[in-house]
>>> print(open('structure.cif').read())   # mmCIF, C-alpha atoms and all ligand atoms
data_final
loop_
_atom_site.label_atom_id
_atom_site.label_comp_id
_atom_site.auth_asym_id
_atom_site.auth_seq_id
_atom_site.Cartn_x
_atom_site.Cartn_y
_atom_site.Cartn_z
CA MET A 23 -123.02 -57.11 58.74
CA ASN A 24 -119.68 -57.79 60.40
CA TYR A 25 -117.89 -59.67 57.65
CA ARG A 26 -115.09 -57.77 55.87
CA HIS A 27 -113.23 -59.63 53.17
CA ILE A 28 -110.01 -57.65 53.72
CA TYR A 29 -109.20 -60.04 56.60
CA HIS A 30 -109.34 -63.03 54.26
CA ALA A 31 -108.33 -61.67 50.84
CA GLY A 32 -105.86 -63.88 49.01
CA ASN A 33 -106.29 -66.84 51.37
CA PHE A 34 -106.43 -70.46 50.18
CA ALA A 35 -110.17 -70.20 49.50
CA ASP A 36 -109.71 -67.11 47.32
CA VAL A 37 -107.00 -68.93 45.38
CA LEU A 38 -109.31 -71.75 44.30
CA LYS A 39 -112.29 -69.45 43.66
CA HIS A 40 -110.32 -66.90 41.68
CA ALA A 41 -108.28 -69.43 39.69
CA VAL A 42 -111.50 -71.14 38.57
CA LEU A 43 -113.30 -67.84 37.89
CA ALA A 44 -110.41 -66.66 35.69
CA ASN A 45 -110.44 -69.89 33.69
CA VAL A 46 -114.19 -69.79 33.21
CA ILE A 47 -113.95 -66.21 31.92
CA ARG A 48 -111.18 -67.19 29.52
CA TYR A 49 -113.30 -70.13 28.31
CA PHE A 50 -116.23 -67.80 27.57
CA GLN A 51 -113.90 -65.70 25.45
CA ARG A 52 -113.36 -68.52 22.99
CA LYS A 53 -116.44 -67.02 21.30
CA ASP A 54 -116.57 -63.36 20.24
CA ALA A 55 -120.10 -62.86 21.52
CA ALA A 56 -120.36 -60.53 24.52
CA PHE A 57 -121.22 -61.87 27.97
CA ARG A 58 -122.00 -60.46 31.38
CA ILE A 59 -120.50 -61.37 34.73
CA LEU A 60 -122.82 -60.93 37.70
CA ASP A 61 -121.02 -60.85 41.06
CA THR A 62 -123.74 -60.86 43.72
CA HIS A 63 -121.45 -60.43 46.77
CA ALA A 64 -118.64 -58.37 45.32
CA GLY A 65 -116.64 -56.96 48.24
CA ILE A 66 -114.50 -53.85 47.62
CA GLY A 67 -112.87 -54.94 44.37
CA GLN A 68 -109.21 -55.18 45.33
CA TYR A 69 -107.30 -55.45 48.58
CA ASP A 70 -104.20 -53.93 50.15
CA LEU A 71 -102.45 -56.90 51.75
CA SER A 72 -100.10 -54.58 53.64
CA SER A 73 -103.07 -53.06 55.51
CA GLY A 74 -103.45 -53.61 59.23
CA GLU A 75 -106.57 -55.74 58.66
CA ALA A 76 -104.91 -58.11 56.16
CA GLU A 77 -101.76 -58.33 58.27
CA LYS A 78 -103.81 -59.06 61.39
CA THR A 79 -104.77 -62.51 60.10
CA GLY A 80 -101.96 -62.91 57.55
CA GLU A 81 -104.20 -65.43 55.77
CA TRP A 82 -102.91 -64.41 52.35
CA ARG A 83 -99.44 -65.71 53.23
CA ASP A 84 -100.77 -69.30 53.22
CA GLY A 85 -102.74 -68.66 50.02
CA ILE A 86 -101.52 -66.44 47.22
CA GLY A 87 -98.24 -65.93 49.11
CA ARG A 88 -97.36 -69.62 48.95
CA LEU A 89 -98.52 -69.95 45.35
CA LEU A 90 -96.38 -67.05 44.11
CA ALA A 91 -93.34 -68.45 45.89
CA ALA A 92 -93.82 -71.94 44.42
CA ASP A 93 -92.00 -73.43 41.46
CA LEU A 94 -95.12 -74.41 39.49
CA PRO A 95 -95.05 -77.45 37.20
CA GLY A 96 -95.71 -76.48 33.56
CA ASP A 97 -99.27 -77.79 33.29
CA VAL A 98 -100.29 -76.14 36.58
CA ALA A 99 -98.62 -72.86 35.60
CA ALA A 100 -100.55 -72.86 32.32
CA LEU A 101 -103.87 -73.35 34.14
CA LEU A 102 -103.10 -70.67 36.72
CA GLN A 103 -101.81 -68.19 34.17
CA PRO A 104 -105.01 -66.13 33.63
CA TYR A 105 -105.29 -65.65 37.42
CA LEU A 106 -101.62 -65.16 38.25
CA ASP A 107 -101.04 -62.80 35.32
CA CYS A 108 -103.64 -60.47 36.89
CA VAL A 109 -102.01 -60.70 40.33
CA ARG A 110 -98.58 -59.97 38.81
CA ALA A 111 -99.92 -57.10 36.72
CA LEU A 112 -101.21 -55.42 39.89
CA ASN A 113 -97.80 -55.87 41.53
CA PRO A 114 -95.25 -54.83 38.91
CA ASP A 115 -92.49 -54.57 41.54
CA GLY A 116 -92.92 -58.22 42.52
CA GLY A 117 -94.44 -59.82 45.60
CA VAL A 118 -98.09 -59.24 46.33
CA LYS A 119 -99.23 -56.05 48.00
CA THR A 120 -102.36 -55.55 45.94
CA TYR A 121 -104.68 -58.52 45.55
CA PRO A 122 -107.53 -58.60 43.03
CA GLY A 123 -110.90 -59.50 44.44
CA SER A 124 -113.39 -61.04 42.04
CA PRO A 125 -114.49 -57.63 40.59
CA ARG A 126 -110.95 -56.49 39.74
CA LEU A 127 -110.01 -59.93 38.41
CA ALA A 128 -113.10 -60.02 36.18
CA ARG A 129 -112.47 -56.47 34.99
CA MET A 130 -108.86 -57.22 34.09
CA LEU A 131 -109.89 -60.23 32.04
CA MET A 132 -112.87 -58.70 30.24
CA ARG A 133 -112.82 -57.61 26.60
CA LYS A 134 -114.43 -54.39 25.41
CA GLN A 135 -117.74 -56.13 24.58
CA ASP A 136 -118.08 -57.81 28.01
CA ARG A 137 -119.92 -56.32 31.02
CA LEU A 138 -119.72 -56.65 34.78
CA SER A 139 -122.56 -56.15 37.29
CA LEU A 140 -121.51 -55.90 40.94
CA MET A 141 -123.72 -56.05 44.05
CA GLU A 142 -122.48 -55.15 47.52
CA LEU A 143 -124.67 -54.54 50.55
CA HIS A 144 -122.22 -53.25 53.17
CA PRO A 145 -122.45 -49.44 52.89
CA ASP A 146 -118.72 -48.74 53.36
CA ASP A 147 -117.62 -51.58 51.10
CA TYR A 148 -120.15 -50.53 48.49
CA GLU A 149 -118.75 -46.98 48.56
CA THR A 150 -115.18 -48.26 48.04
CA LEU A 151 -116.35 -50.53 45.23
CA HIS A 152 -118.33 -47.77 43.57
CA VAL A 153 -115.36 -45.38 43.63
CA ALA A 154 -113.04 -48.09 42.25
CA PHE A 155 -115.15 -48.48 39.11
CA ASP A 156 -116.66 -45.02 38.82
CA GLY A 157 -116.71 -43.86 35.20
CA ASP A 158 -116.03 -47.33 33.80
CA TYR A 159 -118.84 -47.84 31.30
CA GLN A 160 -118.36 -51.62 31.28
CA VAL A 161 -118.96 -51.97 35.02
CA ARG A 162 -121.99 -51.19 37.15
CA ALA A 163 -121.76 -51.40 40.95
CA THR A 164 -125.06 -51.37 42.83
CA HIS A 165 -125.81 -51.05 46.54
CA LEU A 166 -128.23 -53.95 46.65
CA ASP A 167 -128.91 -57.26 48.37
CA GLY A 168 -127.16 -59.81 46.16
CA TRP A 169 -129.90 -62.39 46.80
CA LEU A 170 -132.44 -60.05 45.23
CA ALA A 171 -130.12 -59.25 42.34
CA LEU A 172 -129.58 -62.90 41.63
CA ALA A 173 -133.10 -63.32 40.34
CA ALA A 174 -133.85 -59.74 39.32
CA HIS A 175 -130.78 -59.29 37.10
CA LEU A 176 -131.25 -62.50 35.16
CA PRO A 177 -131.25 -63.33 32.36
CA PRO A 178 -128.64 -60.82 31.19
CA LYS A 179 -129.49 -59.09 27.96
CA GLU A 180 -126.36 -60.58 26.38
CA ARG A 181 -127.90 -64.05 27.00
CA ARG A 182 -124.43 -65.31 27.93
CA GLY A 183 -123.35 -65.00 31.51
CA ILE A 184 -121.22 -66.06 34.46
CA VAL A 185 -122.78 -65.63 37.89
CA LEU A 186 -120.58 -65.67 41.00
CA VAL A 187 -122.41 -66.10 44.31
CA ASP A 188 -119.92 -65.65 47.13
CA PRO A 189 -121.79 -64.89 50.37
CA PRO A 190 -120.01 -64.35 53.69
CA PHE A 191 -121.77 -67.19 55.56
CA GLU A 192 -122.13 -65.07 58.68
CA GLU A 193 -125.90 -65.63 58.95
CA PRO A 194 -127.54 -68.98 59.72
CA GLY A 195 -129.33 -70.50 56.74
CA GLU A 196 -126.81 -69.37 54.15
CA PHE A 197 -126.53 -72.87 52.60
CA ASP A 198 -130.31 -72.91 52.12
CA ARG A 199 -130.27 -69.40 50.66
CA LEU A 200 -127.57 -70.49 48.24
CA ALA A 201 -129.55 -73.49 47.01
CA ASP A 202 -132.82 -71.49 46.82
CA GLY A 203 -131.03 -68.66 45.03
CA LEU A 204 -129.62 -71.05 42.46
CA ALA A 205 -133.01 -72.69 41.91
CA LYS A 206 -134.69 -69.34 41.22
CA ALA A 207 -131.84 -68.01 39.10
CA HIS A 208 -131.64 -71.19 37.04
CA ARG A 209 -135.37 -71.02 36.28
CA ARG A 210 -134.81 -67.56 34.77
CA PHE A 211 -131.48 -68.27 33.10
CA ALA A 212 -130.89 -71.98 32.59
CA THR A 213 -127.89 -71.64 30.29
CA GLY A 214 -125.80 -69.44 32.58
CA THR A 215 -122.65 -70.69 34.24
CA TYR A 216 -122.94 -70.32 38.02
CA LEU A 217 -120.12 -70.43 40.56
CA LEU A 218 -121.28 -70.88 44.14
CA TRP A 219 -118.80 -70.67 46.98
CA TYR A 220 -119.27 -72.43 50.33
CA PRO A 221 -117.18 -73.02 53.45
CA ILE A 222 -115.98 -76.38 54.74
CA LYS A 223 -115.72 -76.26 58.51
CA ASN A 224 -116.81 -78.16 61.55
CA GLY A 225 -120.62 -78.49 61.52
CA ALA A 226 -121.16 -77.08 58.01
CA PRO A 227 -124.04 -79.04 56.39
CA VAL A 228 -122.11 -79.77 53.21
CA SER A 229 -123.57 -83.22 52.42
CA ALA A 230 -127.14 -81.97 52.90
CA PHE A 231 -126.32 -79.01 50.63
CA HIS A 232 -125.06 -81.34 47.90
CA GLN A 233 -128.22 -83.44 48.21
CA THR A 234 -130.40 -80.32 47.96
CA LEU A 235 -128.57 -79.30 44.79
CA LYS A 236 -129.01 -82.79 43.35
CA ASP A 237 -132.74 -82.59 44.06
CA LEU A 238 -133.01 -79.40 41.99
CA ALA A 239 -132.70 -81.56 38.87
CA ILE A 240 -130.34 -79.11 37.22
CA PRO A 241 -128.58 -81.15 34.52
CA LYS A 242 -124.90 -80.27 34.97
CA ILE A 243 -123.35 -79.49 38.33
CA LEU A 244 -119.64 -79.96 38.98
CA CYS A 245 -118.08 -79.46 42.38
CA ALA A 246 -114.50 -78.82 43.56
CA GLU A 247 -113.42 -78.98 47.18
CA LEU A 248 -110.11 -78.13 48.79
CA SER A 249 -109.44 -78.44 52.50
CA VAL A 250 -106.05 -77.38 53.76
CA ARG A 251 -106.39 -78.83 57.26
CA SER A 252 -108.48 -80.95 59.55
CA ASP A 253 -111.94 -79.57 60.38
CA ARG A 254 -111.72 -80.69 64.03
CA ASP A 255 -110.89 -77.17 65.19
CA THR A 256 -113.04 -74.11 64.63
CA GLY A 257 -112.46 -71.84 61.66
CA LEU A 258 -112.32 -72.41 57.96
CA ALA A 259 -110.72 -75.75 57.06
CA GLY A 260 -111.54 -75.62 53.39
CA SER A 261 -113.92 -74.43 50.76
CA GLY A 262 -116.02 -75.73 47.94
CA LEU A 263 -117.00 -74.33 44.61
CA VAL A 264 -120.12 -75.53 42.83
CA VAL A 265 -120.05 -74.89 39.10
CA VAL A 266 -123.34 -75.17 37.23
CA ASN A 267 -122.97 -75.56 33.46
CA PRO A 268 -119.19 -75.74 33.67
CA PRO A 269 -117.00 -75.34 30.60
CA TYR A 270 -116.40 -78.84 29.25
CA THR A 271 -112.69 -78.34 29.94
CA LEU A 272 -113.07 -77.60 33.64
CA ALA A 273 -113.27 -81.11 35.11
CA ARG A 274 -109.99 -82.12 33.51
CA GLU A 275 -108.37 -78.83 34.52
CA LEU A 276 -109.42 -79.42 38.12
CA ASP A 277 -107.88 -82.89 37.99
CA ILE A 278 -104.52 -81.19 37.38
CA LEU A 279 -105.01 -78.15 39.58
CA LEU A 280 -106.53 -79.58 42.76
CA PRO A 281 -103.83 -82.13 43.65
CA TYR A 282 -101.23 -79.43 43.21
CA LEU A 283 -103.11 -76.86 45.29
CA LYS A 284 -103.61 -79.45 48.00
CA THR A 285 -99.87 -80.05 48.26
CA CYS A 286 -98.89 -76.41 47.93
CA LEU A 287 -101.45 -75.02 50.39
CA ALA A 288 -101.66 -77.87 52.96
CA GLN A 289 -101.50 -76.76 56.58
CA ASP A 290 -101.57 -80.26 58.08
CA ARG A 291 -101.67 -83.90 56.97
CA PHE A 292 -105.47 -83.87 56.70
CA ALA A 293 -105.43 -81.63 53.63
CA ARG A 294 -107.62 -83.08 50.88
CA ALA A 295 -108.96 -82.14 47.48
CA SER A 296 -111.60 -83.62 45.22
CA ARG A 297 -113.76 -82.87 42.26
CA PHE A 298 -116.99 -84.68 41.52
CA TRP A 299 -120.25 -84.31 39.67
CA ILE A 300 -123.28 -83.50 41.77
CA ALA A 301 -125.41 -83.92 38.67
CA GLY A 302 -124.97 -84.92 35.09
CA GLU A 303 -121.64 -86.65 34.75
CA SER A 304 -122.71 -89.27 32.24
CA ALA A 305 -124.71 -86.84 30.11
CA HIS A 306 -121.82 -84.43 30.17
CA GLU A 307 -119.17 -87.01 29.28
CA LYS A 308 -121.29 -88.08 26.32
CA GLU A 309 -121.87 -84.59 25.01
CA ASP A 310 -118.23 -83.79 25.45
CA GLY A 311 -117.27 -86.70 23.20
CA ARG A 312 -115.07 -88.30 25.85
N1 LIG B 401 -116.56 -62.00 45.87
C1 LIG B 401 -115.49 -61.27 46.58
C2 LIG B 401 -114.16 -61.70 46.04
O1 LIG B 401 -114.03 -62.86 45.61
O2 LIG B 401 -113.24 -60.88 46.02
C3 LIG B 401 -115.55 -61.50 48.07
C4 LIG B 401 -116.89 -61.29 48.67
S1 LIG B 401 -116.98 -61.51 50.40
C5 LIG B 401 -116.77 -63.21 50.61
C6 LIG B 401 -118.71 -61.32 50.68
C7 LIG B 401 -119.20 -59.89 50.53
O3 LIG B 401 -120.62 -59.91 50.52
C8 LIG B 401 -118.80 -58.93 51.63
O4 LIG B 401 -118.18 -57.81 51.09
C9 LIG B 401 -120.13 -58.53 52.29
O5 LIG B 401 -120.16 -57.19 52.73
C10 LIG B 401 -121.10 -58.74 51.17
N2 LIG B 401 -122.50 -59.03 51.53
C11 LIG B 401 -122.99 -59.62 52.65
N3 LIG B 401 -124.32 -59.83 52.52
C12 LIG B 401 -124.67 -59.37 51.30
C13 LIG B 401 -125.88 -59.33 50.58
N4 LIG B 401 -127.03 -59.82 51.11
N5 LIG B 401 -125.87 -58.81 49.33
C14 LIG B 401 -124.73 -58.33 48.78
N6 LIG B 401 -123.54 -58.33 49.43
C15 LIG B 401 -123.51 -58.86 50.67
#
>>> encode(input="structure.cif", output="structure tokens", more="lines below")
Ligand code: SAM
Amino acid sequence: MNYRHIYHAGNFADVLKHAVLANVIRYFQRKDAAFRILDTHAGIGQYDLSSGEAEKTGEWRDGIGRLLAADLPGDVAALLQPYLDCVRALNPDGGVKTYPGSPRLARMLMRKQDRLSLMELHPDDYETLHVAFDGDYQVRATHLDGWLALAAHLPPKERRGIVLVDPPFEEPGEFDRLADGLAKAHRRFATGTYLLWYPIKNGAPVSAFHQTLKDLAIPKILCAELSVRSDRDTGLAGSGLVVVNPPYTLARELDILLPYLKTCLAQDRFARASRFWIAGESAHEKEDGR
């Protein structure tokens, strides 16, 4: 296990993932009923962007750094507010030294009835994560393979849940594991909202992955993609977020958010953003009353 998220925390891919996660959590809170967030690949919880590791790549500067420096249009600012309020709250003196990973972001947004289950397999990162939430009765961090947890921890006893699956993609076969993991999890907990992260880079089998998801016959699957540069070179050009059972508001929110993020975070003229239904658009539009 070589991947350490500290090198990438706050980059353009984290911006999209965390902005959407924050909005999905806020949507769930429209009802009083408790829910659980399961984060199968949690990382260490929050990140020091002034650390040697974060500074080595400086990726955050072209992600959260650009976003915080931007003069956001009103509708975009409103959609980013749940996410950016958390970032600002961690940095009361301005700027961004401390960046919330998905666990810290979720914890900051949760109400007293909500719960958070965190899985992290890297021993050092698990230890940091465990210490960060030690004594917090709403949070449980476990040193466990997230792929096992995905099935084993579902359905949550609250029967309402958000599941974030954010693997490092350092092993071959991760796209297949993601699709298999979703299939198994969805069989156990069909009403959950799932967020699956994937990389867009040269050679990544993204179209085949979308087709595999379509073949699962899961009724509602929305997808958002943001690439900040051409994928001709090596390295991460963009990322995608699959959202199973999305809030009915999310597609329209993405239509506002993605074009803005594309412009704000573009690194060359090949930047692109899109949102599309992998499954269920017509059924969803009907149910939604649109
Ligand atoms: N979700 C985090 C966030 O948004 O702040 C970032 C997670 S990072 C992309 C992926 C994490 O998964 C790393 O911390 C890595 O150590 C961990 N990891 C790798 N394989 C794992 C596995 N099989 N089960 C659980 N965690 C794993």
>>> closest_residue(input="structure.cif", among="A:Ile59, A:Leu112, A:Ala205, A:Leu186", to="ligand LIG 401 (chain B)", atoms="all atoms listed in the file")
A:Leu186
>>> residues_around(input="structure.cif", residues="A:Thr285", least_positions_apart="6", cutoff="12 Å", atoms="only C-alpha atoms", output="short mmCIF file (atom, residue, chain, number, x, y, z; two decimals) with C-alpha atoms, in the coordinates of the input")
data_model
loop_
_atom_site.label_atom_id
_atom_site.label_comp_id
_atom_site.auth_asym_id
_atom_site.auth_seq_id
_atom_site.Cartn_x
_atom_site.Cartn_y
_atom_site.Cartn_z
CA PHE A 34 -106.43 -70.46 50.18
CA ASP A 84 -100.77 -69.30 53.22
CA GLY A 85 -102.74 -68.66 50.02
CA ARG A 88 -97.36 -69.62 48.95
CA LEU A 89 -98.52 -69.95 45.35
CA ALA A 92 -93.82 -71.94 44.42
CA LEU A 94 -95.12 -74.41 39.49
CA LEU A 248 -110.11 -78.13 48.79
CA SER A 249 -109.44 -78.44 52.50
CA VAL A 250 -106.05 -77.38 53.76
CA ARG A 251 -106.39 -78.83 57.26
CA ILE A 278 -104.52 -81.19 37.38
CA LEU A 279 -105.01 -78.15 39.58
CA ARG A 291 -101.67 -83.90 56.97
CA PHE A 292 -105.47 -83.87 56.70
CA ALA A 293 -105.43 -81.63 53.63
CA ARG A 294 -107.62 -83.08 50.88
CA ALA A 295 -108.96 -82.14 47.48
#
>>> axis_aligned_box(input="structure.cif", around="ligand LIG 401 (chain B)", padding_each_side="6 Å", output="AutoDock Vina command-line options")
--center_x -120.1 --center_y -60.2 --center_z 49.2 --size_x 25.8 --size_y 18.0 --size_z 19.1
>>> closest_residue(input="structure.cif", among="A:Asp115, A:Glu149, A:Asp156, A:Asp167", to="ligand LIG 401 (chain B)", atoms="all atoms listed in the file")
A:Asp167
>>> closest_residue(input="structure.cif", among="A:Asn24, A:Asn33, A:Gln103, A:Thr256", to="A:Glu77", atoms="all atoms listed in the file")
A:Asn33
>>> atom_distance(input="structure.cif", atom1="atom CA of A:Pro122", atom2="atom CA of A:His27")
11.7 Å
>>> closest_atom_pairs(input="structure.cif", of="stretch 93-205 of chain A", to="stretch 238-243 of chain A", cutoff="10 Å", atoms="only C-alpha atoms", output="JSON lines")
{"residue": "A:Ala201", "atom": "CA", "partner": "A:Leu238", "partner_atom": "CA", "distance": 8.5}
{"residue": "A:Asp202", "atom": "CA", "partner": "A:Leu238", "partner_atom": "CA", "distance": 9.3}
{"residue": "A:Leu204", "atom": "CA", "partner": "A:Leu238", "partner_atom": "CA", "distance": 9.0}
{"residue": "A:Ala205", "atom": "CA", "partner": "A:Leu238", "partner_atom": "CA", "distance": 6.7}
>>> residues_near_ligand(input="structure.cif", ligand="ligand LIG 401 (chain B)", cutoff="9 Å", atoms="all atoms listed in the file", output="MDAnalysis selection string")
chainID A and resid 23:28 30:32 36 39:40 61:69 121:127 140:148 165:171 186:193 219
>>> residues_near_point(input="structure.cif", point="(-128.8, -76.1, 46.3)", cutoff="12 Å", atoms="only C-alpha atoms", output="VMD selection string")
chain A and resid 195 to 208 216 to 220 227 to 240 243 245 264 to 266 300 to 301
>>> atom_distance(input="structure.cif", atom1="atom CA of A:Phe57", atom2="atom CA of A:Lys134")
10.4 Å
>>> atom_distance(input="structure.cif", atom1="atom CA of A:Leu258", atom2="atom CA of A:Ala100")
28.2 Å
>>> closest_residue(input="structure.cif", among="A:Leu172, A:Ala44, A:Leu263, A:Leu106", to="A:Gly87", atoms="all atoms listed in the file")
A:Leu106
>>> residues_around(input="structure.cif", residues="A:Tyr29", least_positions_apart="5", cutoff="8 Å", atoms="all atoms listed in the file", output="MDAnalysis selection string")
chainID A and resid 75:81
>>> decode(input="structure.cif", residues="stretch 195-217 of chain A", atoms="N, CA, C and O atoms", output="compact mmCIF listing (two decimals), in the first residue's frame")
# COMPACT_ATOMS: atom_id res chain seq x y z
N GLY A 195 -7.40 -3.71 -11.63
CA GLY A 195 -8.70 -4.34 -11.35
C GLY A 195 -9.60 -3.51 -10.45
O GLY A 195 -10.67 -3.97 -10.06
N GLU A 196 -9.17 -2.28 -10.13
CA GLU A 196 -9.97 -1.49 -9.18
C GLU A 196 -11.34 -1.10 -9.77
O GLU A 196 -12.34 -1.05 -9.04
N PHE A 197 -11.41 -0.86 -11.08
CA PHE A 197 -12.72 -0.55 -11.68
C PHE A 197 -13.67 -1.73 -11.52
O PHE A 197 -14.85 -1.55 -11.21
N ASP A 198 -13.15 -2.94 -11.72
CA ASP A 198 -14.00 -4.13 -11.57
C ASP A 198 -14.43 -4.31 -10.12
O ASP A 198 -15.57 -4.66 -9.83
N ARG A 199 -13.48 -4.07 -9.20
CA ARG A 199 -13.83 -4.19 -7.77
C ARG A 199 -14.91 -3.20 -7.39
O ARG A 199 -15.79 -3.48 -6.59
N LEU A 200 -14.84 -2.01 -7.99
CA LEU A 200 -15.82 -0.97 -7.68
C LEU A 200 -17.21 -1.40 -8.16
O LEU A 200 -18.20 -1.28 -7.42
N ALA A 201 -17.28 -1.91 -9.37
CA ALA A 201 -18.58 -2.35 -9.90
C ALA A 201 -19.11 -3.56 -9.12
O ALA A 201 -20.29 -3.61 -8.75
N ASP A 202 -18.22 -4.53 -8.84
CA ASP A 202 -18.64 -5.71 -8.06
C ASP A 202 -19.10 -5.29 -6.66
O ASP A 202 -20.09 -5.80 -6.13
N GLY A 203 -18.33 -4.39 -6.07
CA GLY A 203 -18.66 -3.92 -4.72
C GLY A 203 -20.02 -3.26 -4.69
O GLY A 203 -20.82 -3.50 -3.78
N LEU A 204 -20.30 -2.44 -5.70
CA LEU A 204 -21.61 -1.79 -5.75
C LEU A 204 -22.71 -2.83 -5.93
O LEU A 204 -23.75 -2.76 -5.26
N ALA A 205 -22.49 -3.80 -6.81
CA ALA A 205 -23.52 -4.82 -7.06
C ALA A 205 -23.88 -5.54 -5.76
O ALA A 205 -25.06 -5.70 -5.42
N LYS A 206 -22.86 -5.95 -5.01
CA LYS A 206 -23.11 -6.68 -3.75
C LYS A 206 -23.78 -5.78 -2.73
O LYS A 206 -24.72 -6.18 -2.05
N ALA A 207 -23.26 -4.56 -2.60
CA ALA A 207 -23.81 -3.64 -1.60
C ALA A 207 -25.26 -3.31 -1.93
O ALA A 207 -26.12 -3.29 -1.04
N HIS A 208 -25.54 -3.09 -3.21
CA HIS A 208 -26.90 -2.70 -3.60
C HIS A 208 -27.89 -3.83 -3.35
O HIS A 208 -29.05 -3.60 -3.03
N ARG A 209 -27.42 -5.08 -3.47
CA ARG A 209 -28.32 -6.21 -3.17
C ARG A 209 -28.72 -6.21 -1.70
O ARG A 209 -29.83 -6.58 -1.34
N ARG A 210 -27.82 -5.76 -0.83
CA ARG A 210 -28.10 -5.74 0.61
C ARG A 210 -28.83 -4.48 1.03
O ARG A 210 -29.54 -4.47 2.03
N PHE A 211 -28.61 -3.40 0.30
CA PHE A 211 -29.14 -2.10 0.72
C PHE A 211 -29.48 -1.28 -0.53
O PHE A 211 -28.72 -0.41 -0.96
N ALA A 212 -30.63 -1.60 -1.09
CA ALA A 212 -30.99 -1.03 -2.41
C ALA A 212 -31.37 0.44 -2.32
O ALA A 212 -31.31 1.16 -3.33
N THR A 213 -31.77 0.91 -1.16
CA THR A 213 -32.22 2.31 -1.07
C THR A 213 -31.11 3.28 -0.67
O THR A 213 -31.36 4.49 -0.58
N GLY A 214 -29.92 2.78 -0.42
CA GLY A 214 -28.82 3.67 -0.02
C GLY A 214 -28.40 4.56 -1.18
O GLY A 214 -28.60 4.25 -2.35
N THR A 215 -27.80 5.68 -0.81
CA THR A 215 -27.18 6.55 -1.81
C THR A 215 -25.68 6.25 -1.81
O THR A 215 -25.03 6.31 -0.76
N TYR A 216 -25.16 5.89 -2.97
CA TYR A 216 -23.75 5.50 -3.10
C TYR A 216 -23.01 6.53 -3.94
O TYR A 216 -23.51 6.95 -4.99
N LEU A 217 -21.83 6.91 -3.47
CA LEU A 217 -20.93 7.77 -4.24
C LEU A 217 -19.67 6.98 -4.54
O LEU A 217 -18.97 6.56 -3.60
